[in-house]
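Visitor: What follows is data_28.cif, mmCIF, C-alpha atoms.
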```cif
data_structure
#
loop_
_atom_site.group_PDB
_atom_site.id
_atom_site.type_symbol
_atom_site.label_atom_id
_atom_site.label_comp_id
_atom_site.auth_asym_id
_atom_site.auth_seq_id
_atom_site.Cartn_x
_atom_site.Cartn_y
_atom_site.Cartn_z
ATOM 1 C CA MET A 137 -22.910 16.984 -7.423
ATOM 2 C CA LEU A 138 -22.746 19.233 -10.462
ATOM 3 C CA ILE A 139 -24.101 17.468 -13.520
ATOM 4 C CA LEU A 140 -23.246 18.673 -17.021
ATOM 5 C CA SER A 141 -24.110 17.241 -20.431
ATOM 6 C CA ARG A 142 -21.243 17.007 -22.883
ATOM 7 C CA LYS A 143 -20.920 15.734 -26.441
ATOM 8 C CA LYS A 144 -17.928 14.065 -28.036
ATOM 9 C CA ASP A 145 -14.943 16.452 -28.275
ATOM 10 C CA GLU A 146 -16.426 18.807 -25.713
ATOM 11 C CA SER A 147 -14.715 19.290 -22.396
ATOM 12 C CA VAL A 148 -14.998 20.727 -18.938
ATOM 13 C CA VAL A 149 -12.342 22.799 -17.253
ATOM 14 C CA ILE A 150 -11.791 22.640 -13.508
ATOM 15 C CA ASP A 151 -9.916 25.371 -11.705
ATOM 16 C CA ASP A 152 -8.192 26.714 -14.859
ATOM 17 C CA ASN A 153 -5.672 23.913 -15.079
ATOM 18 C CA ILE A 154 -7.553 20.631 -15.315
ATOM 19 C CA GLU A 155 -9.355 19.735 -18.513
ATOM 20 C CA ILE A 156 -11.502 16.663 -18.978
ATOM 21 C CA LYS A 157 -12.467 15.973 -22.565
ATOM 22 C CA ILE A 158 -14.889 13.438 -23.979
ATOM 23 C CA ILE A 159 -12.796 11.540 -26.519
ATOM 24 C CA ALA A 160 -15.290 8.870 -27.534
ATOM 25 C CA ILE A 161 -18.653 7.482 -26.555
ATOM 26 C CA GLU A 162 -19.268 3.910 -27.568
ATOM 27 C CA GLU A 163 -20.954 0.747 -26.357
ATOM 28 C CA GLY A 164 -21.883 2.085 -22.959
ATOM 29 C CA LYS A 165 -18.394 3.444 -22.334
ATOM 30 C CA VAL A 166 -17.130 6.992 -22.278
ATOM 31 C CA LYS A 167 -13.479 7.552 -23.048
ATOM 32 C CA LEU A 168 -12.083 10.553 -21.200
ATOM 33 C CA GLY A 169 -8.946 12.529 -21.882
ATOM 34 C CA ILE A 170 -7.639 14.323 -18.824
ATOM 35 C CA SER A 171 -5.053 17.078 -18.885
ATOM 36 C CA ALA A 172 -3.859 18.095 -15.457
ATOM 37 C CA PRO A 173 -0.679 19.313 -13.765
ATOM 38 C CA LYS A 174 1.734 16.590 -12.698
ATOM 39 C CA ASN A 175 0.969 17.039 -9.016
ATOM 40 C CA ILE A 176 -2.652 16.000 -9.464
ATOM 41 C CA GLU A 177 -3.226 12.302 -8.889
ATOM 42 C CA ILE A 178 -5.806 10.636 -11.074
ATOM 43 C CA HIS A 179 -6.972 7.079 -10.499
ATOM 44 C CA ARG A 180 -9.927 4.951 -11.355
ATOM 45 C CA LYS A 181 -12.110 4.949 -8.284
ATOM 46 C CA GLU A 182 -12.468 1.174 -8.102
ATOM 47 C CA ILE A 183 -8.733 0.843 -7.482
ATOM 48 C CA TYR A 184 -9.100 2.978 -4.348
ATOM 49 C CA LEU A 185 -12.074 0.952 -3.209
ATOM 50 C CA GLU A 186 -10.193 -2.294 -3.804
ATOM 51 C CA ILE A 187 -7.224 -1.143 -1.775
ATOM 52 C CA GLN A 188 -9.502 0.079 1.024
ATOM 53 C CA ALA A 189 -11.196 -3.301 1.116
ATOM 54 C CA GLU A 190 -7.865 -5.119 1.017
ATOM 55 C CA ASN A 191 -6.521 -3.010 3.904
ATOM 56 C CA LYS A 192 -9.588 -3.981 5.886
ATOM 57 C CA ASN A 193 -8.971 -7.653 5.096
ATOM 58 C CA ALA A 194 -5.381 -7.210 6.210
ATOM 59 C CA ALA A 195 -6.349 -5.540 9.473
ATOM 60 C CA ILE A 196 -8.326 -8.535 10.712
ATOM 61 C CA GLY A 197 -5.541 -11.057 10.199
ATOM 62 C CA ASN A 198 -3.296 -12.412 12.907
ATOM 63 C CA LEU A 199 0.149 -13.625 12.094
ATOM 64 C CA ASP A 200 0.839 -17.187 13.168
ATOM 65 C CA LEU A 201 4.601 -16.870 13.355
ATOM 66 C CA LYS A 202 5.281 -20.477 14.230
ATOM 67 C CA GLY A 203 3.137 -21.770 11.402
ATOM 68 C CA LEU A 204 4.713 -19.365 9.001
ATOM 69 C CA GLY A 205 8.180 -20.240 10.209
ATOM 70 C CA LYS A 206 7.541 -23.838 9.169
ATOM 71 C CA LEU A 207 6.760 -22.713 5.641
ATOM 72 C CA PHE A 208 9.987 -20.746 5.409
ATOM 73 C CA LYS A 209 12.341 -23.198 7.076
ATOM 74 C CA LYS A 210 12.760 -26.191 4.881
ATOM 75 C CA MET B 114 6.509 5.237 25.704
ATOM 76 C CA ILE B 115 4.365 2.187 26.383
ATOM 77 C CA ILE B 116 1.744 1.208 23.852
ATOM 78 C CA ASN B 117 -0.731 -1.615 23.598
ATOM 79 C CA THR B 118 -0.158 -3.900 20.655
ATOM 80 C CA LYS B 119 -2.387 -6.395 18.946
ATOM 81 C CA GLN B 120 0.141 -9.193 18.925
ATOM 82 C CA PHE B 121 2.213 -8.700 22.068
ATOM 83 C CA GLY B 122 0.144 -6.679 24.553
ATOM 84 C CA GLU B 123 2.012 -3.833 26.208
ATOM 85 C CA MET B 124 5.325 -2.887 24.668
ATOM 86 C CA GLU B 125 7.846 -0.161 25.224
ATOM 87 C CA ILE B 126 8.539 1.696 22.009
ATOM 88 C CA ASP B 127 10.906 4.442 21.121
ATOM 89 C CA GLU B 128 9.105 7.682 20.266
ATOM 90 C CA ASP B 129 11.645 8.333 17.519
ATOM 91 C CA LYS B 130 10.275 5.286 15.765
ATOM 92 C CA ILE B 131 6.775 6.593 15.279
ATOM 93 C CA ILE B 132 5.896 6.887 11.616
ATOM 94 C CA THR B 133 3.256 9.407 10.622
ATOM 95 C CA PHE B 134 0.941 8.647 7.741
ATOM 96 C CA GLU B 135 -0.593 12.098 7.302
ATOM 97 C CA GLU B 136 -3.517 10.673 5.326
ATOM 98 C CA GLY B 137 -3.754 7.400 7.219
ATOM 99 C CA MET B 138 -4.173 4.193 5.224
ATOM 100 C CA LEU B 139 -6.941 3.805 2.694
ATOM 101 C CA GLY B 140 -9.992 2.825 4.700
ATOM 102 C CA PHE B 141 -8.268 3.919 7.946
ATOM 103 C CA GLU B 142 -7.896 7.605 7.245
ATOM 104 C CA ASP B 143 -8.192 8.697 10.883
ATOM 105 C CA ILE B 144 -5.372 6.551 12.186
ATOM 106 C CA LYS B 145 -2.123 8.261 11.340
ATOM 107 C CA LYS B 146 0.583 7.108 13.742
ATOM 108 C CA TYR B 147 2.211 3.706 13.513
ATOM 109 C CA THR B 148 5.359 1.942 14.508
ATOM 110 C CA VAL B 149 7.096 -1.055 12.992
ATOM 111 C CA ILE B 150 7.401 -4.003 15.339
ATOM 112 C CA LEU B 151 10.109 -6.327 14.170
ATOM 113 C CA ASN B 152 9.512 -10.005 14.341
ATOM 114 C CA GLN B 153 12.373 -11.661 16.234
ATOM 115 C CA ASP B 154 12.502 -14.721 13.982
ATOM 116 C CA LYS B 155 14.889 -13.731 11.232
ATOM 117 C CA ASP B 156 13.776 -16.599 8.992
ATOM 118 C CA VAL B 157 10.289 -15.190 8.673
ATOM 119 C CA PRO B 158 10.389 -11.973 6.679
ATOM 120 C CA PHE B 159 7.195 -10.428 8.062
ATOM 121 C CA ASN B 160 6.829 -7.613 10.548
ATOM 122 C CA TRP B 161 3.981 -5.574 11.962
ATOM 123 C CA LEU B 162 2.886 -2.042 11.424
ATOM 124 C CA GLN B 163 1.125 -1.339 14.698
ATOM 125 C CA ALA B 164 -1.164 1.662 15.158
ATOM 126 C CA ILE B 165 -0.047 3.715 18.159
ATOM 127 C CA ASP B 166 -3.498 4.849 19.268
ATOM 128 C CA ASP B 167 -5.491 1.747 18.426
ATOM 129 C CA SER B 168 -4.104 -1.452 19.875
ATOM 130 C CA ASP B 169 -6.419 -3.600 17.748
ATOM 131 C CA LEU B 170 -5.078 -2.254 14.490
ATOM 132 C CA ALA B 171 -1.918 -3.818 13.137
ATOM 133 C CA PHE B 172 -0.981 -4.692 9.602
ATOM 134 C CA VAL B 173 1.361 -7.510 8.718
ATOM 135 C CA ILE B 174 3.948 -6.050 6.379
ATOM 136 C CA THR B 175 6.824 -7.364 4.352
ATOM 137 C CA ASN B 176 9.480 -6.365 1.881
ATOM 138 C CA PRO B 177 7.800 -6.979 -1.497
ATOM 139 C CA PHE B 178 11.097 -7.284 -3.344
ATOM 140 C CA LEU B 179 11.702 -10.611 -1.584
ATOM 141 C CA PHE B 180 8.740 -12.088 -3.394
ATOM 142 C CA LYS B 181 8.703 -10.109 -6.620
ATOM 143 C CA GLU B 182 12.230 -9.282 -7.694
ATOM 144 C CA ASP B 183 11.198 -7.173 -10.651
ATOM 145 C CA TYR B 184 8.732 -5.064 -8.671
ATOM 146 C CA GLU B 185 9.263 -1.538 -9.848
ATOM 147 C CA PHE B 186 7.354 1.720 -9.922
ATOM 148 C CA ASP B 187 7.929 5.443 -9.966
ATOM 149 C CA ILE B 188 7.194 7.578 -6.947
ATOM 150 C CA SER B 189 5.558 10.766 -8.206
ATOM 151 C CA ASP B 190 7.069 14.190 -7.554
ATOM 152 C CA LYS B 191 3.992 14.963 -5.491
ATOM 153 C CA VAL B 192 4.698 12.098 -3.117
ATOM 154 C CA ILE B 193 8.433 12.896 -3.053
ATOM 155 C CA ASN B 194 7.517 16.419 -1.913
ATOM 156 C CA GLU B 195 4.872 15.331 0.565
ATOM 157 C CA LEU B 196 7.234 12.909 2.244
ATOM 158 C CA GLY B 197 10.218 15.245 1.942
ATOM 159 C CA ILE B 198 12.284 12.546 0.249
ATOM 160 C CA LYS B 199 15.822 13.717 -0.506
ATOM 161 C CA LYS B 200 17.600 10.483 -1.385
ATOM 162 C CA GLU B 201 16.538 7.130 -2.730
ATOM 163 C CA GLU B 202 18.393 5.398 0.125
ATOM 164 C CA ASP B 203 16.082 7.041 2.656
ATOM 165 C CA VAL B 204 13.031 5.272 1.272
ATOM 166 C CA ILE B 205 11.678 1.946 2.471
ATOM 167 C CA ILE B 206 8.873 0.159 0.688
ATOM 168 C CA PHE B 207 6.527 -2.275 2.403
ATOM 169 C CA SER B 208 3.589 -4.295 1.188
ATOM 170 C CA ILE B 209 0.666 -5.143 3.418
ATOM 171 C CA ALA B 210 -0.075 -8.853 3.717
ATOM 172 C CA VAL B 211 -3.417 -10.548 4.145
ATOM 173 C CA VAL B 212 -2.893 -13.582 6.355
ATOM 174 C CA PRO B 213 -5.656 -16.177 6.171
ATOM 175 C CA LYS B 214 -5.945 -19.309 8.302
ATOM 176 C CA ASN B 215 -4.319 -21.326 5.564
ATOM 177 C CA LEU B 216 -0.909 -19.704 5.577
ATOM 178 C CA LYS B 217 -0.051 -20.995 2.136
ATOM 179 C CA LYS B 218 -2.644 -18.577 0.837
ATOM 180 C CA ILE B 219 -0.951 -15.462 2.192
ATOM 181 C CA THR B 220 -1.201 -12.600 -0.267
ATOM 182 C CA ILE B 221 0.605 -9.298 -0.400
ATOM 183 C CA ASN B 222 -0.841 -6.175 -1.939
ATOM 184 C CA LEU B 223 1.484 -4.972 -4.675
ATOM 185 C CA ARG B 224 -0.991 -2.350 -5.838
ATOM 186 C CA GLY B 225 -1.009 -0.252 -2.676
ATOM 187 C CA PRO B 226 2.586 -0.139 -1.401
ATOM 188 C CA LEU B 227 3.651 1.845 1.662
ATOM 189 C CA ILE B 228 6.364 4.397 1.076
ATOM 190 C CA ILE B 229 8.293 5.520 4.161
ATOM 191 C CA ASN B 230 10.962 8.179 4.421
ATOM 192 C CA ILE B 231 13.162 6.830 7.199
ATOM 193 C CA LYS B 232 14.827 10.222 7.732
ATOM 194 C CA ASN B 233 11.701 12.110 8.832
ATOM 195 C CA LYS B 234 9.435 9.086 9.536
ATOM 196 C CA LYS B 235 6.739 10.153 7.131
ATOM 197 C CA GLY B 236 4.785 7.534 5.268
ATOM 198 C CA LYS B 237 2.086 7.195 2.689
ATOM 199 C CA GLN B 238 0.180 4.415 1.010
ATOM 200 C CA ILE B 239 0.253 5.034 -2.701
ATOM 201 C CA VAL B 240 -1.981 3.635 -5.404
ATOM 202 C CA LEU B 241 -0.439 1.994 -8.459
ATOM 203 C CA ASP B 242 -2.969 2.070 -11.241
ATOM 204 C CA GLN B 243 -1.197 -0.723 -13.075
ATOM 205 C CA GLU B 244 -2.826 -4.002 -13.974
ATOM 206 C CA LYS B 245 0.468 -5.862 -13.804
ATOM 207 C CA TYR B 246 0.694 -5.500 -10.025
ATOM 208 C CA LYS B 247 -1.874 -7.541 -8.209
ATOM 209 C CA LEU B 248 -3.976 -6.620 -5.237
ATOM 210 C CA LYS B 249 -3.629 -10.228 -4.110
ATOM 211 C CA TYR B 250 -0.236 -11.591 -4.977
ATOM 212 C CA TYR B 251 0.060 -15.143 -3.664
ATOM 213 C CA ILE B 252 3.609 -15.279 -2.405
ATOM 214 C CA PHE B 253 3.970 -19.036 -2.134
ATOM 215 C CA GLU B 254 2.266 -19.978 -5.370
ATOM 216 C CA GLU B 255 3.910 -17.199 -7.363
ATOM 217 C CA THR B 256 7.347 -17.912 -5.964
ATOM 218 C CA VAL B 257 6.981 -21.598 -6.826
ATOM 219 C CA LYS B 258 5.887 -20.737 -10.357
ATOM 220 C CA THR B 259 8.874 -18.443 -10.798
ATOM 221 C CA ASN B 260 11.250 -21.133 -9.601
ATOM 222 C CA ILE B 261 9.872 -23.683 -12.037
ATOM 223 C CA GLY B 262 9.517 -21.293 -14.944
#
```
Would you encode the structure as structure tokens?
Guide:
Amino acid sequence: MLILSRKKDESVVIDDNIEIKIIAIEEGKVKLGISAPKNIEIHRKEIYLEIQAENKNAAIGNLDLKGLGKLFKK
Amino acid sequence: MIINTKQFGEMEIDEDKIITFEEGMLGFEDIKKYTVILNQDKDVPFNWLQAIDDSDLAFVITNPFLFKEDYEFDISDKVINELGIKKEEDVIIFSIAVVPKNLKKITINLRGPLIINIKNKKGKQIVLDQEKYKLKYYIFEETVKTNIG
């Protein structure tokens, strides 16, 4: 992993068209501004991890159709 | 072709009905081919997304709009291109359910919906980075709340 030090208002440029700028540094948090083309997807990593974990939870389930039917048919 | 399924053992499926998730599902990146197995009980709005090459892998899926009428999100141009989507009518959206022993606690994942282009059978799980859509949306509790409120 490439590690760079940046101060507030400094940025890094990736591949000519993605810019990540340090907007603010406060109370243990860094606020980033990201400029990138529309076709680049940007997400907080924990959301990916959460969905991965939830998919794994889903994959172990078995559907009890009869039991579920009772909940739907009143 | 005949495939092995988690819920029903061997089943004959139509090869035209194989859906390809080029990137797999999150956490299951290597498993790319699935088919939808419809549940025969029309009163129960859940179906299966069965992996073709792994009989043990099946997700319970549902139509999220049945449980969250105002569910709404944009599909990015990137995804529209990747899936070759030409018309809105060609798109189906599913949510993956987590089914615990206590069925009243079933949740559906509104944050990672499946987008499928029914014309070319390409699918993708997208990530909605929006707090308002829950990873665990309790369908029974939430629906009850909505009815009362």
Visitor: By how many Å are CA of Ile188 (chain B) and CA of Val204 (chain B) apart?
Guide: 10.3 Å
Visitor: Can you pull out every residue within 9 Å of Ala195 (chain A), counting only C-alpha atoms, but drop anything in the same chain fewer than 4 positions away, and send it as a PyMOL selection string?
Guide: (chain A and resi 190-191) or (chain B and resi 169-173+211)
Visitor: Store the residues picked out above, limited to C-alpha atoms, as an mmCIF file, in the frame of the given file.
Guide:
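To be explicit, this is the file written out as result-v2.cif:
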```cif
data_model
loop_
_atom_site.group_PDB
_atom_site.id
_atom_site.type_symbol
_atom_site.label_atom_id
_atom_site.label_comp_id
_atom_site.auth_asym_id
_atom_site.auth_seq_id
_atom_site.Cartn_x
_atom_site.Cartn_y
_atom_site.Cartn_z
ATOM 1 C CA GLU A 190 -7.865 -5.119 1.017
ATOM 2 C CA ASN A 191 -6.521 -3.010 3.904
ATOM 3 C CA ASP B 169 -6.419 -3.600 17.748
ATOM 4 C CA LEU B 170 -5.078 -2.254 14.490
ATOM 5 C CA ALA B 171 -1.918 -3.818 13.137
ATOM 6 C CA PHE B 172 -0.981 -4.692 9.602
ATOM 7 C CA VAL B 173 1.361 -7.510 8.718
ATOM 8 C CA VAL B 211 -3.417 -10.548 4.145
#
```
Visitor: Check what the PyMOL selection byres ((chain B) within 9 of (chain A)) selects in the file above and give those residues as JSON, numbers by chain.
Guide: {"B": [119, 120, 138, 139, 140, 141, 152, 154, 156, 157, 158, 159, 161, 169, 170, 171, 172, 173, 189, 190, 191, 192, 209, 210, 211, 212, 213, 214, 216, 217, 222, 224, 225, 240, 241, 242, 248, 249]}
Visitor: Using all atoms listed in the file, determine which residues lie at most 9 Å from region 160-168 of chain A, disregarding the query and same-chain residues fewer than 4 positions distant; provide the list as a PyMOL selection string.
Guide: chain A and resi 143-145+156
Visitor: Using the chain letters and numbers from the file, which residues does the PyMOL selection byres ((chain B and resi 232-237) around 12) grab, as JSON, numbers by chain?
Guide: {"B": [128, 129, 130, 131, 132, 133, 134, 135, 136, 137, 138, 139, 142, 145, 146, 147, 148, 149, 162, 188, 189, 191, 192, 193, 194, 195, 196, 197, 198, 199, 200, 201, 202, 203, 204, 205, 206, 207, 208, 225, 226, 227, 228, 229, 230, 231, 238, 239, 240]}
Visitor: Do you have the CA of Ala164 (chain B)-CA of Thr220 (chain B) distance handy?
Guide: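 Interatomic distance, CA of Ala164 (chain B) to CA of Thr220 (chain B): 21.0 Å.
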Visitor: Take CA of Lys245 (chain B) and CA of Ile159 (chain A) and report the distance between them in Å, one decimal.
Guide: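 Answer for the CA of Lys245 (chain B) to CA of Ile159 (chain A) separation: 25.3 Å.
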Visitor: Using only C-alpha atoms for the distances, tell me which of B:Asn215, B:Gln243, B:Ser168, B:Thr175 is nearest to Ile116 (chain B).
Guide: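 Between B:Asn215, B:Gln243, B:Ser168, B:Thr175, the residue approaching Ile116 (chain B) most closely is B:Ser168.
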Visitor: I'd like the neighbourhood of Arg142 (chain A) as a ChimeraX atom specification, where a residue qualifies if any of its atoms comes within 10 Å (using all atoms listed in the file), though same-chain residues fewer than 6 positions away should be ignored.
Guide: /A:148,157-158
